[in-house]
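S.K.: Encoded as structure tokens, here's the structure I'll be asking about.
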Amino acid sequence: MPPALAPALCIRTTALLIAVCACGVTDPGPPAAVDTAVLNACTDPASGGAMTVLDASATAFGQPGPTLTAAQRALHDIGDKLFDVNFVPDPAADHGGLGPRFVNVACAACHLNDGRGSAPQPGGPFASLLFRVSVPGVDAHGGPAPVLAFGTQLEFRGAPGLPTVAIGTLSYADSIDQFADGTPDTLHVPAYGIAAPYRALPATVLLSPRLAPPNFGLGLLEAVPDAAIEALAAGRAALVAGVAGHPNRVWDPTAGRMVLGRFGLKANVGSLLQQTAAAFNADMGVTSSFLPAEPCSDAIAACGAHAPDVSDSVLTAVTAYIRTLAVPARRSTEAPAVLRGQALFASAGCALCHTPTLQTGTVAGDPELSGQTIHPYTDLLLHDMGPGLADGRPDYLATGREWRTPPLWGIGLTGTVNRNVSFLHDGRARSLLEAVMWHGGQAAAARAVVRGLSRADRDALLAFLQSL
């Protein structure tokens with residue numbers, strides 16, 4: 001680890017009875033009462049532990065971990081190249097297998113600079129936002145029930161001569177409220193639809209828009225033990241505040257069993273290998289030994305059974321690349337406005353779900369991911385976010401109002417890396433403050449606190465978020 005990132009570790013102190021991290025999470029008083037010494041003990045810039053890099057540029061989300069061995073770095077670099085490759089339809093000498101139905105042609109085409117996708121504009125293409133679909137009921141493993149002839153995801157692009165599955169539509173209307181000091185509070189409210197389906201969709205179809213999320217730090221989140229996540233669900237502070245989350249339990253076809261879900265916007269994916277295999281299959285129509293069936297049922301040869309489009313070694317390399325992406329260091333952690341905002345974040349109750357600090361377990365063969373103190377600001381649990389953010393589509397144990405708490409590390413670099421700011425599961429929020437004000441359900445009390453803040457305190461809260 002570079003000397004500048006020697007961690008100012010979050011101190012565990014029995015006197016303060018802080019179980020996770022002394023970052024003000026358990027402080028019951030107003031922001032002014034938060035102990036500055038406690039806050040200063042938790043201004044660790046090394047958000048990813050030994051997997052932290054000093055990079056605040058447009059490449060901040062795409063850096064390899066600094067402690068990788070030569071062999072790990074070689075595999076990381078192979079995966080990096082494959083992540084950027086544009087796949088093409090067969091027959092092809094290299095990188096064939098695209099389609100016949102697909103969302104995009106490359107992993108990097110959705111995850112821009114390894115960050116989040118760009119929300120579509122009304123009338124524009126859905127380049128990095130997709131629609132998950134299902135019908136009421138569950139599949140053989142308790143997951144979403146597929147729509148006949150459409151499956152569980154709409155692919156808006158297809159091979160030449162193949163009819164377009166459907167066209168996604170989007171429009172916005174503004175909902176205007178105000179903060180306690182009279183400043184306008186505007187929410188950009190989306191309305192999604194499906195036009196020109198190539199076959200009639202059932203009236204009961206459930207639709208969920210999903211924007212591609214960032215990729216960095218996922219290896220560290222995978223290394224957090226199941227027991228630690230389950231313990232957060234039973235945490236006393238969250239239970240007392242009425243904001244306790246719960247884990248998802250999902251089917252992992254790469255493991256052949258039910259596992260704890262930790263990835264995906266509804267924690268509907270259990271491992272990075274599953275995430276990679278599913279993205280190749282559903283997003284690019286590229287099959288593998290893990291998911292050998294094409295995501296289409298059209299009466300054409302290309303949709304039928306055939307040999308896998310890519311080898312297991314391709315999926316292994318891309319998975320290794322994602323697993324070993326580093327986390328950018330925090331910035332300006334000692335600035336007075338940042339410290340004030342951190343206190344506000346805690347006293348408003350935000351840290352009860354956006355858990356500041358987690359500890360990874362032991363990962364065989366990956367010492368750089370093992371035993372790390374990390375600051376992702378997530379509990380990886382599902383929480384009710386209220387009717388405003390509800391998609392109405394259950395996903396295993398996630399209800400139509402529940403979403404996984406997204407990690408906040410790196411969020412202040414979103415505009416630098418992605419040249420756009422579009423937050424939440426579908427990119428509807430055009431600023432971090434708007435994203436906060438969309439929170440409802442279990443987060444309604446925290447939102448009410450933010451609504452009552454002065455302009456100076458709102459700016460301090462945003463300064464803290466920008467420092468992450």
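By convention here, the chains of the structure tokens are called A, B, ... in the order presented, each chain's residues are numbered starting at 1, and ligands are numbered starting at 1 in the order presented.
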Residues at most 6 Å from segment 73-83 of chain A, counting only C-alpha atoms, excluding those fewer than 6 positions away in the same chain, as an MDAnalysis selection string?

M.R.: chainID A and resid 107:108 317:318 320:321

S.K.: Would you output that residue set with N, CA and C atoms, as a PDB file, in the first residue's frame?

M.R.:
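Generated output (again14.pdb):
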```pdb
ATOM      1  N   CYS A 107     -18.859  -5.587 -22.668  1.00  0.00           N
ATOM      2  CA  CYS A 107     -19.071  -5.265 -21.247  1.00  0.00           C
ATOM      3  C   CYS A 107     -18.865  -3.771 -21.009  1.00  0.00           C
ATOM      4  N   ALA A 108     -17.789  -3.235 -21.580  1.00  0.00           N
ATOM      5  CA  ALA A 108     -17.434  -1.832 -21.366  1.00  0.00           C
ATOM      6  C   ALA A 108     -18.428  -0.872 -21.999  1.00  0.00           C
ATOM      7  N   ALA A 317     -11.170 -15.189 -16.735  1.00  0.00           N
ATOM      8  CA  ALA A 317     -10.337 -13.988 -16.843  1.00  0.00           C
ATOM      9  C   ALA A 317     -11.147 -12.724 -16.577  1.00  0.00           C
ATOM     10  N   VAL A 318     -12.350 -12.636 -17.143  1.00  0.00           N
ATOM     11  CA  VAL A 318     -13.170 -11.437 -16.934  1.00  0.00           C
ATOM     12  C   VAL A 318     -13.598 -11.347 -15.476  1.00  0.00           C
ATOM     13  N   ALA A 320     -11.938 -12.538 -12.926  1.00  0.00           N
ATOM     14  CA  ALA A 320     -10.741 -12.153 -12.171  1.00  0.00           C
ATOM     15  C   ALA A 320     -10.468 -10.666 -12.325  1.00  0.00           C
ATOM     16  N   TYR A 321     -10.696 -10.136 -13.509  1.00  0.00           N
ATOM     17  CA  TYR A 321     -10.507  -8.696 -13.736  1.00  0.00           C
ATOM     18  C   TYR A 321     -11.428  -7.883 -12.828  1.00  0.00           C
TER      19      TYR A 321
END
```

S.K.: If you take only C-alpha atoms and a cut-off of 7 Å, which residues of segment 96-181 of chain A touch segment 396-399 of chain A, and what are their nearest atom pairs and distances in Å to one decimal, in chain and number order, as a Markdown table?

M.R.:
```
| residue | atom | partner | partner_atom | distance |
| --- | --- | --- | --- | --- |
| A:Gly142 | CA | A:Tyr396 | CA | 5.6 |
| A:Gly143 | CA | A:Tyr396 | CA | 4.5 |
| A:Pro144 | CA | A:Tyr396 | CA | 6.7 |
```

S.K.: List every residue of segment 126-273 of chain A that DSSP, applied to the backbone of this structure, places in alpha helix (DSSP H), and write the result as a list in words.

M.R.: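 Output for segment 126-273 of chain A, alpha helix (DSSP H) only: Leu218, Gly219, Leu220, Leu221, Glu222, Asp226, Ala227, Ala228, Ile229, Glu230, Ala231, Leu232, Ala233, Arg236, Ala237, Ala238, Leu239, Val240, Ala241, Leu272 and Leu273 of chain A.
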
S.K.: Write to file, as a PDB file, in the first residue's frame, the residues of the selection just made, with N, CA and C atoms.

M.R.:
```pdb
ATOM      1  N   LEU A 218     -15.695  -4.973  -6.154  1.00  0.00           N
ATOM      2  CA  LEU A 218     -16.631  -6.088  -5.994  1.00  0.00           C
ATOM      3  C   LEU A 218     -15.976  -7.314  -5.396  1.00  0.00           C
ATOM      4  N   GLY A 219     -14.674  -7.500  -5.651  1.00  0.00           N
ATOM      5  CA  GLY A 219     -13.978  -8.621  -5.045  1.00  0.00           C
ATOM      6  C   GLY A 219     -13.955  -8.529  -3.535  1.00  0.00           C
ATOM      7  N   LEU A 220     -13.831  -7.320  -3.021  1.00  0.00           N
ATOM      8  CA  LEU A 220     -13.855  -7.115  -1.575  1.00  0.00           C
ATOM      9  C   LEU A 220     -15.244  -7.405  -1.005  1.00  0.00           C
ATOM     10  N   LEU A 221     -16.283  -6.967  -1.707  1.00  0.00           N
ATOM     11  CA  LEU A 221     -17.642  -7.252  -1.233  1.00  0.00           C
ATOM     12  C   LEU A 221     -17.942  -8.745  -1.282  1.00  0.00           C
ATOM     13  N   GLU A 222     -17.388  -9.436  -2.261  1.00  0.00           N
ATOM     14  CA  GLU A 222     -17.574 -10.885  -2.338  1.00  0.00           C
ATOM     15  C   GLU A 222     -16.882 -11.572  -1.168  1.00  0.00           C
ATOM     16  N   ASP A 226     -20.687 -14.365   4.768  1.00  0.00           N
ATOM     17  CA  ASP A 226     -22.144 -14.390   4.882  1.00  0.00           C
ATOM     18  C   ASP A 226     -22.589 -14.040   6.297  1.00  0.00           C
ATOM     19  N   ALA A 227     -21.875 -14.586   7.281  1.00  0.00           N
ATOM     20  CA  ALA A 227     -22.273 -14.375   8.677  1.00  0.00           C
ATOM     21  C   ALA A 227     -22.235 -12.904   9.053  1.00  0.00           C
ATOM     22  N   ALA A 228     -21.280 -12.160   8.476  1.00  0.00           N
ATOM     23  CA  ALA A 228     -21.189 -10.731   8.782  1.00  0.00           C
ATOM     24  C   ALA A 228     -22.389  -9.981   8.221  1.00  0.00           C
ATOM     25  N   ILE A 229     -22.825 -10.359   7.030  1.00  0.00           N
ATOM     26  CA  ILE A 229     -23.990  -9.716   6.422  1.00  0.00           C
ATOM     27  C   ILE A 229     -25.250 -10.066   7.203  1.00  0.00           C
ATOM     28  N   GLU A 230     -25.365 -11.327   7.595  1.00  0.00           N
ATOM     29  CA  GLU A 230     -26.523 -11.755   8.373  1.00  0.00           C
ATOM     30  C   GLU A 230     -26.556 -11.054   9.734  1.00  0.00           C
ATOM     31  N   ALA A 231     -25.376 -10.803  10.302  1.00  0.00           N
ATOM     32  CA  ALA A 231     -25.320 -10.106  11.585  1.00  0.00           C
ATOM     33  C   ALA A 231     -25.812  -8.673  11.455  1.00  0.00           C
ATOM     34  N   LEU A 232     -25.530  -8.032  10.325  1.00  0.00           N
ATOM     35  CA  LEU A 232     -26.018  -6.676  10.106  1.00  0.00           C
ATOM     36  C   LEU A 232     -27.543  -6.649  10.061  1.00  0.00           C
ATOM     37  N   ALA A 233     -28.145  -7.706   9.526  1.00  0.00           N
ATOM     38  CA  ALA A 233     -29.604  -7.773   9.475  1.00  0.00           C
ATOM     39  C   ALA A 233     -30.211  -7.846  10.869  1.00  0.00           C
ATOM     40  N   ARG A 236     -28.775  -4.320  16.401  1.00  0.00           N
ATOM     41  CA  ARG A 236     -29.723  -3.716  17.329  1.00  0.00           C
ATOM     42  C   ARG A 236     -30.114  -2.298  16.923  1.00  0.00           C
ATOM     43  N   ALA A 237     -29.124  -1.497  16.493  1.00  0.00           N
ATOM     44  CA  ALA A 237     -29.423  -0.098  16.183  1.00  0.00           C
ATOM     45  C   ALA A 237     -30.442   0.010  15.057  1.00  0.00           C
ATOM     46  N   ALA A 238     -30.274  -0.803  14.000  1.00  0.00           N
ATOM     47  CA  ALA A 238     -31.212  -0.760  12.880  1.00  0.00           C
ATOM     48  C   ALA A 238     -32.581  -1.293  13.293  1.00  0.00           C
ATOM     49  N   LEU A 239     -32.593  -2.334  14.126  1.00  0.00           N
ATOM     50  CA  LEU A 239     -33.872  -2.887  14.583  1.00  0.00           C
ATOM     51  C   LEU A 239     -34.641  -1.861  15.409  1.00  0.00           C
ATOM     52  N   VAL A 240     -33.936  -1.182  16.318  1.00  0.00           N
ATOM     53  CA  VAL A 240     -34.582  -0.178  17.158  1.00  0.00           C
ATOM     54  C   VAL A 240     -35.124   0.968  16.309  1.00  0.00           C
ATOM     55  N   ALA A 241     -34.368   1.353  15.273  1.00  0.00           N
ATOM     56  CA  ALA A 241     -34.780   2.464  14.415  1.00  0.00           C
ATOM     57  C   ALA A 241     -35.818   2.049  13.377  1.00  0.00           C
ATOM     58  N   LEU A 272     -19.440 -13.336  -8.229  1.00  0.00           N
ATOM     59  CA  LEU A 272     -18.973 -12.605  -9.405  1.00  0.00           C
ATOM     60  C   LEU A 272     -18.919 -13.496 -10.635  1.00  0.00           C
ATOM     61  N   LEU A 273     -18.671 -14.782 -10.462  1.00  0.00           N
ATOM     62  CA  LEU A 273     -18.713 -15.691 -11.609  1.00  0.00           C
ATOM     63  C   LEU A 273     -20.124 -15.756 -12.172  1.00  0.00           C
TER      64      LEU A 273
END
```

S.K.: Report the residues of segment 239-363 of chain A whose backbone DSSP state falls under strand (DSSP E), written as an MDAnalysis selection string.

M.R.: chainID A and resid 248:252 257:261 327:328 358:359

S.K.: Name all residues at most 12 Å from segment 256-263 of chain A (count only C-alpha atoms; drop same-chain ones fewer than 2 positions away) and give them as number ranges by chain.

M.R.: A: 140-143, 212-215, 217-230, 246-254, 265-276, 278, 290-291, 378-382, 395-398, 403-407

S.K.: Set the distance at 9 Å and use only C-alpha atoms: which residues neighbour Arg199 of chain A once local chain neighbours fewer than 3 positions away are removed? I'd like the list as a PyMOL selection string.

M.R.: chain A and resi 149-150+165-166+196

S.K.: For the selection you just gave me, I'd like the residues written to a file as an mmCIF file, in the first residue's frame, keeping N, CA and C atoms.

M.R.:
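Wrote it out as part-v1.cif, contents follow:
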```
data_model
loop_
_atom_site.group_PDB
_atom_site.id
_atom_site.type_symbol
_atom_site.label_atom_id
_atom_site.label_comp_id
_atom_site.auth_asym_id
_atom_site.auth_seq_id
_atom_site.Cartn_x
_atom_site.Cartn_y
_atom_site.Cartn_z
ATOM 1 N N ALA A 149 -41.828 -16.453 -24.347
ATOM 2 C CA ALA A 149 -41.205 -15.928 -25.572
ATOM 3 C C ALA A 149 -40.336 -14.691 -25.329
ATOM 4 N N PHE A 150 -40.262 -14.215 -24.091
ATOM 5 C CA PHE A 150 -39.421 -13.053 -23.787
ATOM 6 C C PHE A 150 -38.397 -13.356 -22.699
ATOM 7 N N VAL A 165 -37.372 -7.215 -30.576
ATOM 8 C CA VAL A 165 -38.229 -7.749 -29.517
ATOM 9 C C VAL A 165 -39.263 -6.715 -29.097
ATOM 10 N N ALA A 166 -38.791 -5.501 -28.878
ATOM 11 C CA ALA A 166 -39.668 -4.412 -28.456
ATOM 12 C C ALA A 166 -38.852 -3.138 -28.450
ATOM 13 N N ALA A 196 -44.320 -1.633 -29.396
ATOM 14 C CA ALA A 196 -44.112 -2.521 -30.546
ATOM 15 C C ALA A 196 -43.484 -3.860 -30.198
#
```

S.K.: Compare A:Ala255, A:Leu148, A:Arg132, A:Arg458 by their minimum atom-to-atom distance to Ser297 of chain A, counting only C-alpha atoms, and give me the closest one.

M.R.: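 The answer is A:Leu148, which sits nearest to Ser297 of chain A.
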
S.K.: Just checking: using only C-alpha atoms, which residue out of A:Ser347, A:Ser289, A:Ser313, A:Ser134 ends up closest to Leu461 of chain A?

M.R.: A:Ser347

S.K.: Between atom CA of Leu433 of chain A and atom CA of Leu129 of chain A, what distance in Å does the model show, to one decimal?

M.R.: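 We find that atom CA of Leu433 of chain A and atom CA of Leu129 of chain A lie 21.8 Å from each other.
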
S.K.: One decimal, Å: what's the distance from atom CA of Gly65 of chain A over to atom CA of Gly341 of chain A, could you say?

M.R.: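 Separation between atom CA of Gly65 of chain A and atom CA of Gly341 of chain A: 29.0 Å.
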
S.K.: Which residue is closest to Ser57 of chain A? Choose from A:Thr333, A:Asn113, A:Thr169, A:Gln72 and count only C-alpha atoms.

M.R.: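 Result for the nearest residue to Ser57 of chain A: A:Asn113.
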
S.K.: Between A:Leu413, A:Arg428, A:Gly245, A:Phe61, single out the one closest to Ala173 of chain A, counting only C-alpha atoms.

M.R.: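 With only C-alpha atoms as the atom set, the closest residue is A:Arg428.
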
S.K.: Quote the spacing between atom CA of Ala200 of chain A and atom CA of Met284 of chain A in Å to one decimal place.

M.R.: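 We find that atom CA of Ala200 of chain A and atom CA of Met284 of chain A lie 23.6 Å from each other.
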
S.K.: List as number ranges by chain the protein and nucleic acid residues near Met385 of chain A, meaning an atom at most 6 Å away when only C-alpha atoms are counted, but skip any in the same chain fewer than 4 places from it.

M.R.: A: 401-402, 439-441

S.K.: Just the selected residues (C-alpha atoms), exported as a short mmCIF file (atom, residue, chain, number, x, y, z; two decimals), in the first residue's frame, please.

M.R.:
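Result file is again_2.cif:
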```
data_model
loop_
_atom_site.label_atom_id
_atom_site.label_comp_id
_atom_site.auth_asym_id
_atom_site.auth_seq_id
_atom_site.Cartn_x
_atom_site.Cartn_y
_atom_site.Cartn_z
CA ARG A 401 -40.44 -2.13 -3.00
CA GLU A 402 -37.05 -3.44 -1.89
CA HIS A 439 -35.59 7.76 -0.47
CA GLY A 440 -38.81 6.56 1.15
CA GLY A 441 -40.05 3.56 3.09
#
```
